[in-house]
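Enquirer: This is work_17.pdb, which holds PDB, C-alpha atoms and all ligand atoms:
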ATOM      1  CA  MET J 912       0.000   0.000   0.000  1.00  0.00           C
ATOM      2  CA  THR J 913       1.306   3.446  -0.868  1.00  0.00           C
ATOM      3  CA  PRO J 914       1.233   5.771   2.121  1.00  0.00           C
ATOM      4  CA  THR J 915      -0.479   9.072   1.545  1.00  0.00           C
ATOM      5  CA  ALA J 916       0.005  12.408   3.182  1.00  0.00           C
ATOM      6  CA  SER J 917      -3.541  12.183   4.529  1.00  0.00           C
ATOM      7  CA  SER J 918      -3.083   8.788   6.232  1.00  0.00           C
ATOM      8  CA  PRO J 919      -3.319   9.413   9.953  1.00  0.00           C
ATOM      9  CA  GLY J 920      -0.024   8.782  11.693  1.00  0.00           C
ATOM     10  CA  VAL J 921       1.778   7.884   8.459  1.00  0.00           C
ATOM     11  CA  ASN J 922       4.830   9.878   7.387  1.00  0.00           C
ATOM     12  CA  ASP J 923       5.515   9.392   3.681  1.00  0.00           C
ATOM     13  CA  GLY J 924       8.962  10.903   4.023  1.00  0.00           C
ATOM     14  CA  THR J 925       8.041  14.222   2.453  1.00  0.00           C
ATOM     15  CA  THR J 926       7.042  15.844   5.708  1.00  0.00           C
ATOM     16  CA  VAL J 927       8.550  16.007   9.150  1.00  0.00           C
ATOM     17  CA  GLU J 928       5.961  15.149  11.775  1.00  0.00           C
ATOM     18  CA  SER J 929       6.468  16.048  15.407  1.00  0.00           C
ATOM     19  CA  PRO J 930       4.155  15.685  18.368  1.00  0.00           C
ATOM     20  CA  MET J 931       2.403  18.841  19.559  1.00  0.00           C
ATOM     21  CA  THR J 932       4.331  20.568  22.291  1.00  0.00           C
ATOM     22  CA  THR J 933       2.834  22.912  24.857  1.00  0.00           C
ATOM     23  CA  VAL J 934       4.973  25.418  26.715  1.00  0.00           C
ATOM     24  CA  LEU J 935       4.230  27.769  29.587  1.00  0.00           C
ATOM     25  CA  ILE J 936       5.743  31.248  29.627  1.00  0.00           C
ATOM     26  CA  PRO J 937       5.339  32.490  33.199  1.00  0.00           C
ATOM     27  CA  GLY J 938       5.882  36.076  34.255  1.00  0.00           C
ATOM     28  CA  SER J 939       4.465  39.163  35.940  1.00  0.00           C
ATOM     29  CA  PHE J 940       3.675  40.931  32.655  1.00  0.00           C
ATOM     30  CA  ASP J 941       2.875  44.234  34.384  1.00  0.00           C
ATOM     31  CA  PRO J 942       2.463  45.119  31.588  1.00  0.00           C
ATOM     32  CA  LEU J 943       3.286  42.869  28.608  1.00  0.00           C
ATOM     33  CA  HIS J 944       5.712  44.608  26.228  1.00  0.00           C
ATOM     34  CA  LEU J 945       7.235  44.058  22.775  1.00  0.00           C
ATOM     35  CA  GLY J 946      10.155  42.027  24.187  1.00  0.00           C
ATOM     36  CA  HIS J 947       7.680  39.588  25.733  1.00  0.00           C
ATOM     37  CA  ILE J 948       5.745  39.389  22.463  1.00  0.00           C
ATOM     38  CA  ASP J 949       8.931  38.512  20.581  1.00  0.00           C
ATOM     39  CA  VAL J 950       9.597  35.618  22.969  1.00  0.00           C
ATOM     40  CA  VAL J 951       5.977  34.416  22.640  1.00  0.00           C
ATOM     41  CA  ASP J 952       6.303  34.433  18.846  1.00  0.00           C
ATOM     42  CA  GLN J 953       9.608  32.566  18.955  1.00  0.00           C
ATOM     43  CA  ALA J 954       8.144  29.969  21.338  1.00  0.00           C
ATOM     44  CA  ALA J 955       5.065  29.456  19.144  1.00  0.00           C
ATOM     45  CA  GLU J 956       7.314  28.926  16.117  1.00  0.00           C
ATOM     46  CA  LEU J 957       9.678  26.557  17.952  1.00  0.00           C
ATOM     47  CA  PHE J 958       7.222  24.533  20.034  1.00  0.00           C
ATOM     48  CA  GLY J 959       3.578  24.953  18.956  1.00  0.00           C
ATOM     49  CA  ASP J 960       1.111  25.784  21.719  1.00  0.00           C
ATOM     50  CA  VAL J 961       2.019  28.589  24.089  1.00  0.00           C
ATOM     51  CA  VAL J 962       0.292  29.425  27.367  1.00  0.00           C
ATOM     52  CA  LEU J 963       1.291  32.833  28.694  1.00  0.00           C
ATOM     53  CA  GLY J 964       0.844  32.580  32.457  1.00  0.00           C
ATOM     54  CA  VAL J 965       0.346  35.718  34.534  1.00  0.00           C
ATOM     55  CA  LEU J 966       1.783  34.772  37.930  1.00  0.00           C
ATOM     56  CA  VAL J 967       2.626  36.524  41.171  1.00  0.00           C
ATOM     57  CA  ASN J 968       6.270  37.383  41.724  1.00  0.00           C
ATOM     58  CA  PHE J 969       6.537  37.281  45.516  1.00  0.00           C
ATOM     59  CA  ASP J 970       9.252  39.965  45.366  1.00  0.00           C
ATOM     60  CA  LYS J 971       6.792  42.414  43.774  1.00  0.00           C
ATOM     61  CA  PRO J 972       3.328  41.446  45.044  1.00  0.00           C
ATOM     62  CA  SER J 973       1.484  44.681  44.238  1.00  0.00           C
ATOM     63  CA  GLY J 974       1.634  45.936  40.709  1.00  0.00           C
ATOM     64  CA  LEU J 975       0.310  48.698  38.518  1.00  0.00           C
ATOM     65  CA  PHE J 976      -2.303  46.497  36.845  1.00  0.00           C
ATOM     66  CA  SER J 977      -4.295  43.757  38.587  1.00  0.00           C
ATOM     67  CA  PRO J 978      -3.717  40.171  37.426  1.00  0.00           C
ATOM     68  CA  ASP J 979      -7.054  40.252  35.551  1.00  0.00           C
ATOM     69  CA  GLU J 980      -6.091  43.504  33.822  1.00  0.00           C
ATOM     70  CA  ARG J 981      -2.707  42.054  32.839  1.00  0.00           C
ATOM     71  CA  VAL J 982      -4.459  39.037  31.322  1.00  0.00           C
ATOM     72  CA  GLU J 983      -6.857  41.254  29.360  1.00  0.00           C
ATOM     73  CA  LEU J 984      -4.008  43.487  28.122  1.00  0.00           C
ATOM     74  CA  ALA J 985      -1.884  40.486  27.149  1.00  0.00           C
ATOM     75  CA  ARG J 986      -4.817  38.912  25.285  1.00  0.00           C
ATOM     76  CA  ALA J 987      -5.468  42.161  23.427  1.00  0.00           C
ATOM     77  CA  SER J 988      -1.748  42.543  22.610  1.00  0.00           C
ATOM     78  CA  LEU J 989      -1.491  38.958  21.315  1.00  0.00           C
ATOM     79  CA  VAL J 990      -4.733  38.914  19.336  1.00  0.00           C
ATOM     80  CA  GLY J 991      -4.668  36.831  16.136  1.00  0.00           C
ATOM     81  CA  ARG J 992      -2.187  34.260  17.439  1.00  0.00           C
ATOM     82  CA  SER J 993      -4.296  31.085  17.369  1.00  0.00           C
ATOM     83  CA  SER J 994      -1.768  28.900  19.202  1.00  0.00           C
ATOM     84  CA  VAL J 995      -1.313  31.345  22.078  1.00  0.00           C
ATOM     85  CA  SER J 996      -3.556  31.586  25.139  1.00  0.00           C
ATOM     86  CA  VAL J 997      -3.298  33.771  28.243  1.00  0.00           C
ATOM     87  CA  ARG J 998      -4.332  32.841  31.791  1.00  0.00           C
ATOM     88  CA  ALA J 999      -3.710  33.957  35.358  1.00  0.00           C
ATOM     89  CA  PHE J1000      -2.470  31.434  37.928  1.00  0.00           C
ATOM     90  CA  GLY J1001      -2.387  31.803  41.699  1.00  0.00           C
ATOM     91  CA  GLY J1002       0.343  29.402  42.776  1.00  0.00           C
ATOM     92  CA  LEU J1003       3.711  28.230  41.604  1.00  0.00           C
ATOM     93  CA  ALA J1004       4.964  28.209  38.020  1.00  0.00           C
ATOM     94  CA  VAL J1005       5.454  24.430  38.247  1.00  0.00           C
ATOM     95  CA  GLN J1006       1.812  24.036  39.322  1.00  0.00           C
ATOM     96  CA  ALA J1007       0.637  26.193  36.424  1.00  0.00           C
ATOM     97  CA  ALA J1008       2.786  24.132  34.052  1.00  0.00           C
ATOM     98  CA  ALA J1009       1.240  20.887  35.337  1.00  0.00           C
ATOM     99  CA  GLU J1010      -2.278  22.326  35.128  1.00  0.00           C
ATOM    100  CA  VAL J1011      -1.949  23.163  31.423  1.00  0.00           C
ATOM    101  CA  GLY J1012       0.053  20.031  30.595  1.00  0.00           C
ATOM    102  CA  ALA J1013       3.117  22.013  29.585  1.00  0.00           C
ATOM    103  CA  ASP J1014       6.093  20.016  28.335  1.00  0.00           C
ATOM    104  CA  PHE J1015       8.485  22.870  29.119  1.00  0.00           C
ATOM    105  CA  ILE J1016       8.662  26.248  30.756  1.00  0.00           C
ATOM    106  CA  VAL J1017      10.019  28.897  28.387  1.00  0.00           C
ATOM    107  CA  LYS J1018      11.783  32.002  29.680  1.00  0.00           C
ATOM    108  CA  GLY J1019      13.034  34.895  27.621  1.00  0.00           C
ATOM    109  CA  LEU J1020      16.537  36.207  28.307  1.00  0.00           C
ATOM    110  CA  ARG J1021      17.132  39.888  27.601  1.00  0.00           C
ATOM    111  CA  THR J1022      20.656  40.397  28.890  1.00  0.00           C
ATOM    112  CA  PRO J1023      23.375  38.217  30.455  1.00  0.00           C
ATOM    113  CA  ASN J1024      22.256  39.592  33.840  1.00  0.00           C
ATOM    114  CA  ASP J1025      18.946  37.741  33.464  1.00  0.00           C
ATOM    115  CA  PHE J1026      20.753  34.415  33.298  1.00  0.00           C
ATOM    116  CA  ASP J1027      21.790  34.042  36.950  1.00  0.00           C
ATOM    117  CA  ILE J1028      18.331  34.284  38.493  1.00  0.00           C
ATOM    118  CA  GLU J1029      16.672  32.444  35.610  1.00  0.00           C
ATOM    119  CA  GLN J1030      19.113  29.547  35.899  1.00  0.00           C
ATOM    120  CA  GLN J1031      18.455  29.348  39.648  1.00  0.00           C
ATOM    121  CA  MET J1032      14.676  29.308  39.056  1.00  0.00           C
ATOM    122  CA  ALA J1033      15.047  26.699  36.306  1.00  0.00           C
ATOM    123  CA  HIS J1034      17.032  24.378  38.574  1.00  0.00           C
ATOM    124  CA  THR J1035      14.642  24.973  41.484  1.00  0.00           C
ATOM    125  CA  ASN J1036      11.567  24.280  39.351  1.00  0.00           C
ATOM    126  CA  HIS J1037      13.204  21.157  37.941  1.00  0.00           C
ATOM    127  CA  SER J1038      13.971  19.930  41.439  1.00  0.00           C
ATOM    128  CA  VAL J1039      10.290  20.243  42.405  1.00  0.00           C
ATOM    129  CA  THR J1040       8.469  18.495  39.536  1.00  0.00           C
ATOM    130  CA  GLY J1041      11.121  17.575  36.977  1.00  0.00           C
ATOM    131  CA  ILE J1042       9.948  20.153  34.446  1.00  0.00           C
ATOM    132  CA  ARG J1043      12.669  21.582  32.208  1.00  0.00           C
ATOM    133  CA  THR J1044      13.093  25.252  31.321  1.00  0.00           C
ATOM    134  CA  VAL J1045      14.180  26.381  27.877  1.00  0.00           C
ATOM    135  CA  PHE J1046      15.739  29.824  27.495  1.00  0.00           C
ATOM    136  CA  VAL J1047      14.931  31.895  24.425  1.00  0.00           C
ATOM    137  CA  PRO J1048      17.038  34.986  23.776  1.00  0.00           C
ATOM    138  CA  CYS J1049      14.946  38.053  23.135  1.00  0.00           C
ATOM    139  CA  ARG J1050      15.565  39.830  19.815  1.00  0.00           C
ATOM    140  CA  SER J1051      18.618  42.033  20.350  1.00  0.00           C
ATOM    141  CA  ASP J1052      16.881  45.270  19.382  1.00  0.00           C
ATOM    142  CA  LEU J1053      14.135  44.630  21.973  1.00  0.00           C
ATOM    143  CA  GLY J1054      16.329  43.327  24.797  1.00  0.00           C
ATOM    144  CA  PHE J1055      16.515  46.660  26.621  1.00  0.00           C
ATOM    145  CA  ILE J1056      12.767  46.842  27.282  1.00  0.00           C
ATOM    146  CA  SER J1057      11.509  46.313  30.817  1.00  0.00           C
ATOM    147  CA  SER J1058       8.030  46.589  32.333  1.00  0.00           C
ATOM    148  CA  ARG J1059       9.431  48.550  35.277  1.00  0.00           C
ATOM    149  CA  PHE J1060      10.900  51.301  33.095  1.00  0.00           C
ATOM    150  CA  ILE J1061       7.755  51.392  30.954  1.00  0.00           C
ATOM    151  CA  ARG J1062       5.686  52.057  34.099  1.00  0.00           C
ATOM    152  CA  GLU J1063       8.068  54.801  35.218  1.00  0.00           C
ATOM    153  CA  ILE J1064       8.208  56.543  31.846  1.00  0.00           C
ATOM    154  CA  ALA J1065       4.442  56.363  31.357  1.00  0.00           C
ATOM    155  CA  ALA J1066       3.861  57.703  34.875  1.00  0.00           C
ATOM    156  CA  HIS J1067       5.777  60.836  33.900  1.00  0.00           C
ATOM    157  CA  GLY J1068       3.884  61.294  30.648  1.00  0.00           C
ATOM    158  CA  GLU J1069       6.618  60.407  28.155  1.00  0.00           C
ATOM    159  CA  PRO J1070       5.819  58.185  25.141  1.00  0.00           C
ATOM    160  CA  ILE J1071       6.042  54.388  25.451  1.00  0.00           C
ATOM    161  CA  ASP J1072       4.159  53.497  22.234  1.00  0.00           C
ATOM    162  CA  HIS J1073       7.337  52.112  20.657  1.00  0.00           C
ATOM    163  CA  LEU J1074       7.791  49.655  23.568  1.00  0.00           C
ATOM    164  CA  VAL J1075       4.329  48.103  23.936  1.00  0.00           C
ATOM    165  CA  ALA J1076       1.390  47.034  21.789  1.00  0.00           C
ATOM    166  CA  ALA J1077      -1.380  49.586  21.269  1.00  0.00           C
ATOM    167  CA  PRO J1078      -3.814  48.215  23.917  1.00  0.00           C
ATOM    168  CA  VAL J1079      -1.144  48.545  26.611  1.00  0.00           C
ATOM    169  CA  ALA J1080      -0.220  52.072  25.491  1.00  0.00           C
ATOM    170  CA  VAL J1081      -3.878  53.087  25.747  1.00  0.00           C
ATOM    171  CA  ALA J1082      -4.273  51.462  29.179  1.00  0.00           C
ATOM    172  CA  LEU J1083      -1.138  53.191  30.508  1.00  0.00           C
ATOM    173  CA  ALA J1084      -2.262  56.571  29.201  1.00  0.00           C
ATOM    174  CA  ASP J1085      -5.649  56.019  30.821  1.00  0.00           C
ATOM    175  CA  ARG J1086      -4.167  54.865  34.139  1.00  0.00           C
ATOM    176  CA  PHE J1087      -1.854  57.841  34.511  1.00  0.00           C
ATOM    177  CA  ALA J1088      -4.429  60.358  33.318  1.00  0.00           C
ATOM    178  CA  ARG J1089      -6.280  59.760  36.610  1.00  0.00           C
ATOM    179  CA  PRO J1090      -5.575  62.207  39.455  1.00  0.00           C
ATOM    180  CA  SER J1091      -4.851  59.367  41.941  1.00  0.00           C
ATOM    181  CA  HIS J1092      -1.569  58.727  40.124  1.00  0.00           C
ATOM    182  CA  GLU J1093      -0.424  62.357  40.093  1.00  0.00           C
TER     183      GLU J1093
HETATM  184  O1  LIG N1101       8.267  38.695  35.119  1.00  0.00           O
HETATM  185  P1  LIG N1101       8.924  38.225  36.376  1.00  0.00           P
HETATM  186  O2  LIG N1101       8.524  39.067  37.564  1.00  0.00           O
HETATM  187  O3  LIG N1101      10.420  38.115  36.248  1.00  0.00           O
HETATM  188  O4  LIG N1101       8.366  36.738  36.617  1.00  0.00           O
HETATM  189  C1  LIG N1101       8.765  35.998  37.743  1.00  0.00           C
HETATM  190  C2  LIG N1101       7.792  34.838  37.935  1.00  0.00           C
HETATM  191  C3  LIG N1101       6.373  35.351  38.121  1.00  0.00           C
HETATM  192  C4  LIG N1101       7.850  33.917  36.746  1.00  0.00           C
HETATM  193  C5  LIG N1101       8.261  34.070  39.207  1.00  0.00           C
HETATM  194  O5  LIG N1101       8.283  34.949  40.299  1.00  0.00           O
HETATM  195  C6  LIG N1101       7.360  32.885  39.495  1.00  0.00           C
HETATM  196  O6  LIG N1101       7.520  31.836  38.915  1.00  0.00           O
HETATM  197  N1  LIG N1101       6.374  33.102  40.399  1.00  0.00           N
HETATM  198  C7  LIG N1101       5.413  32.085  40.783  1.00  0.00           C
HETATM  199  C8  LIG N1101       5.803  31.491  42.139  1.00  0.00           C
HETATM  200  C9  LIG N1101       6.895  30.442  41.979  1.00  0.00           C
HETATM  201  O7  LIG N1101       6.785  29.514  41.209  1.00  0.00           O
HETATM  202  N2  LIG N1101       7.999  30.636  42.740  1.00  0.00           N
HETATM  203  C10 LIG N1101       9.139  29.743  42.711  1.00  0.00           C
HETATM  204  C11 LIG N1101      10.184  30.208  41.711  1.00  0.00           C
HETATM  205  S1  LIG N1101      11.554  29.103  41.619  1.00  0.00           S
END
Since I need it in another form, could you write the structure as structure tokens?
Expert:
Amino acid sequence: MTPTASSPGVNDGTTVESPMTTVLIPGSFDPLHLGHIDVVDQAAELFGDVVLGVLVNFDKPSGLFSPDERVELARASLVGRSSVSVRAFGGLAVQAAAEVGADFIVKGLRTPNDFDIEQQMAHTNHSVTGIRTVFVPCRSDLGFISSRFIREIAAHGEPIDHLVAAPVAVALADRFARPSHE
């Protein structure tokens, strides 16, 4: 029998078949910026399904946007990417990864300074559940972007439109237009 491309589970040698991989990208995303989006796009291309997980960083428990707002802004910023979903999680990154059936955690690296803490987290997470972390270098021209500096610059009324997607720029302008943030 001649195998056909449409035969389920049959590789006729003209295509490379690989099992679907799901990865979790955990982070604070307060707010999501263009560097994050680059890493999401790279992960979707490399692995397949991407779950962007909005988690609590215990070193920075209170943020500018609430977890629900961060999820909404990330969804709006990532619209049109059918293999990418966004969710908030309350516990550990390893628990979020297990909940969504992630094969790997993916972390973006902006600068060499990121590596030390990310390597420590990767080893710690692996020690807890055995999940592996894959590092993806952020595009070099976006590697300087940080959510913290975006918040600071927006708070003082300077433009951040070149650093974030349009829904985040609008939300920041709206947030800092309110007198409570003067
Ligand atoms: O964007 P951030 O703030 O660098 O992301 C850090 C984050 C949220 C991924 C990290 O703090 C985290 O994984 N928090 C969830 C709690 C957890 O799993 N802690 C153990 C880390 S080894």
Enquirer: Sort by chain and increasing residue number a table of all residues of chain J within 6 Å of ligand LIG 1101 (chain N), each with its closest pair of atoms and their distance in Å to one decimal, counting all atoms listed in the file, and write it as JSON lines.
Expert:
{"residue": "J:Pro937", "atom": "CA", "partner": "N:LIG1101", "partner_atom": "C4", "distance": 4.6}
{"residue": "J:Gly938", "atom": "CA", "partner": "N:LIG1101", "partner_atom": "O4", "distance": 3.5}
{"residue": "J:Ser939", "atom": "CA", "partner": "N:LIG1101", "partner_atom": "O1", "distance": 3.9}
{"residue": "J:Phe940", "atom": "CA", "partner": "N:LIG1101", "partner_atom": "O1", "distance": 5.7}
{"residue": "J:Leu966", "atom": "CA", "partner": "N:LIG1101", "partner_atom": "C3", "distance": 4.6}
{"residue": "J:Val967", "atom": "CA", "partner": "N:LIG1101", "partner_atom": "C3", "distance": 5.0}
{"residue": "J:Asn968", "atom": "CA", "partner": "N:LIG1101", "partner_atom": "O5", "distance": 3.5}
{"residue": "J:Phe969", "atom": "CA", "partner": "N:LIG1101", "partner_atom": "O5", "distance": 6.0}
{"residue": "J:Gly1002", "atom": "CA", "partner": "N:LIG1101", "partner_atom": "C8", "distance": 5.9}
{"residue": "J:Leu1003", "atom": "CA", "partner": "N:LIG1101", "partner_atom": "O7", "distance": 3.4}
{"residue": "J:Ala1004", "atom": "CA", "partner": "N:LIG1101", "partner_atom": "O7", "distance": 3.9}
{"residue": "J:Met1032", "atom": "CA", "partner": "N:LIG1101", "partner_atom": "S1", "distance": 4.0}
{"residue": "J:Thr1035", "atom": "CA", "partner": "N:LIG1101", "partner_atom": "S1", "distance": 5.2}
{"residue": "J:Asn1036", "atom": "CA", "partner": "N:LIG1101", "partner_atom": "S1", "distance": 5.3}
Enquirer: Deliver the residues from the most recent selection as a file, using C-alpha atoms, as a CSV table (one decimal), keeping the file's coordinate frame.
Expert:
chain,number,residue,atom,x,y,z
J,937,PRO,CA,5.3,32.5,33.2
J,938,GLY,CA,5.9,36.1,34.3
J,939,SER,CA,4.5,39.2,35.9
J,940,PHE,CA,3.7,40.9,32.7
J,966,LEU,CA,1.8,34.8,37.9
J,967,VAL,CA,2.6,36.5,41.2
J,968,ASN,CA,6.3,37.4,41.7
J,969,PHE,CA,6.5,37.3,45.5
J,1002,GLY,CA,0.3,29.4,42.8
J,1003,LEU,CA,3.7,28.2,41.6
J,1004,ALA,CA,5.0,28.2,38.0
J,1032,MET,CA,14.7,29.3,39.1
J,1035,THR,CA,14.6,25.0,41.5
J,1036,ASN,CA,11.6,24.3,39.4
Enquirer: For this file, the PyMOL selection byres (((chain J and resi 1014) around 8) and not hetatm) selects which residues, as a PyMOL selection string?
Expert: chain J and resi 932-934+1008+1012-1013+1015-1016+1042-1043
Enquirer: Could you write out that same residue set with C-alpha atoms as a PDB file, in the frame of the given file?
Expert:
ATOM      1  CA  THR J 932       4.331  20.568  22.291  1.00  0.00           C
ATOM      2  CA  THR J 933       2.834  22.912  24.857  1.00  0.00           C
ATOM      3  CA  VAL J 934       4.973  25.418  26.715  1.00  0.00           C
ATOM      4  CA  ALA J1008       2.786  24.132  34.052  1.00  0.00           C
ATOM      5  CA  GLY J1012       0.053  20.031  30.595  1.00  0.00           C
ATOM      6  CA  ALA J1013       3.117  22.013  29.585  1.00  0.00           C
ATOM      7  CA  PHE J1015       8.485  22.870  29.119  1.00  0.00           C
ATOM      8  CA  ILE J1016       8.662  26.248  30.756  1.00  0.00           C
ATOM      9  CA  ILE J1042       9.948  20.153  34.446  1.00  0.00           C
ATOM     10  CA  ARG J1043      12.669  21.582  32.208  1.00  0.00           C
TER      11      ARG J1043
END
Enquirer: I want to know what sits within 8 Å of range 1061-1070 of chain J, based on all atoms listed in the file, with residues of the same chain fewer than 5 positions away left out; could you give that as a PyMOL selection string?
Expert: chain J and resi 975+1056+1083-1084+1087+1092
Enquirer: Could you check which residues have any atom within 9 Å of (4.2, 40.2, 20.9), counting only C-alpha atoms with coordinates taken straight from the file, and then list them as a list in words?
Expert: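 Using only C-alpha atoms, the matching residues come out as Leu943, His944, Leu945, Gly946, His947, Ile948, Asp949, Val950, Val951, Asp952, Ala985, Ser988, Leu989, Val1075 and Ala1076 of chain J.
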Enquirer: Give me the residues near Val961 in chain J as a ChimeraX atom specification, where near means some atom within 7 Å (using only C-alpha atoms) and where sequence neighbours in that chain fewer than 3 positions away do not count.
Expert: /J:933-935,954-955,994-996
Enquirer: Could you tell me which of J:Ala987, J:Ile936, J:Leu1053, J:Met931 comes closest to Asp960 in chain J if we count only C-alpha atoms?
Expert: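 The shortest atom-to-atom distance to Asp960 in chain J comes from J:Met931.
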Enquirer: Report as an NGL selection string all protein, DNA and RNA residues lying within 10 Å of Ser1051 in chain J, evaluated on all atoms listed in the file, omitting residues in the same chain fewer than 2 positions from it.
Expert: :J and (946 or 1021-1022 or 1048-1049 or 1053-1055)
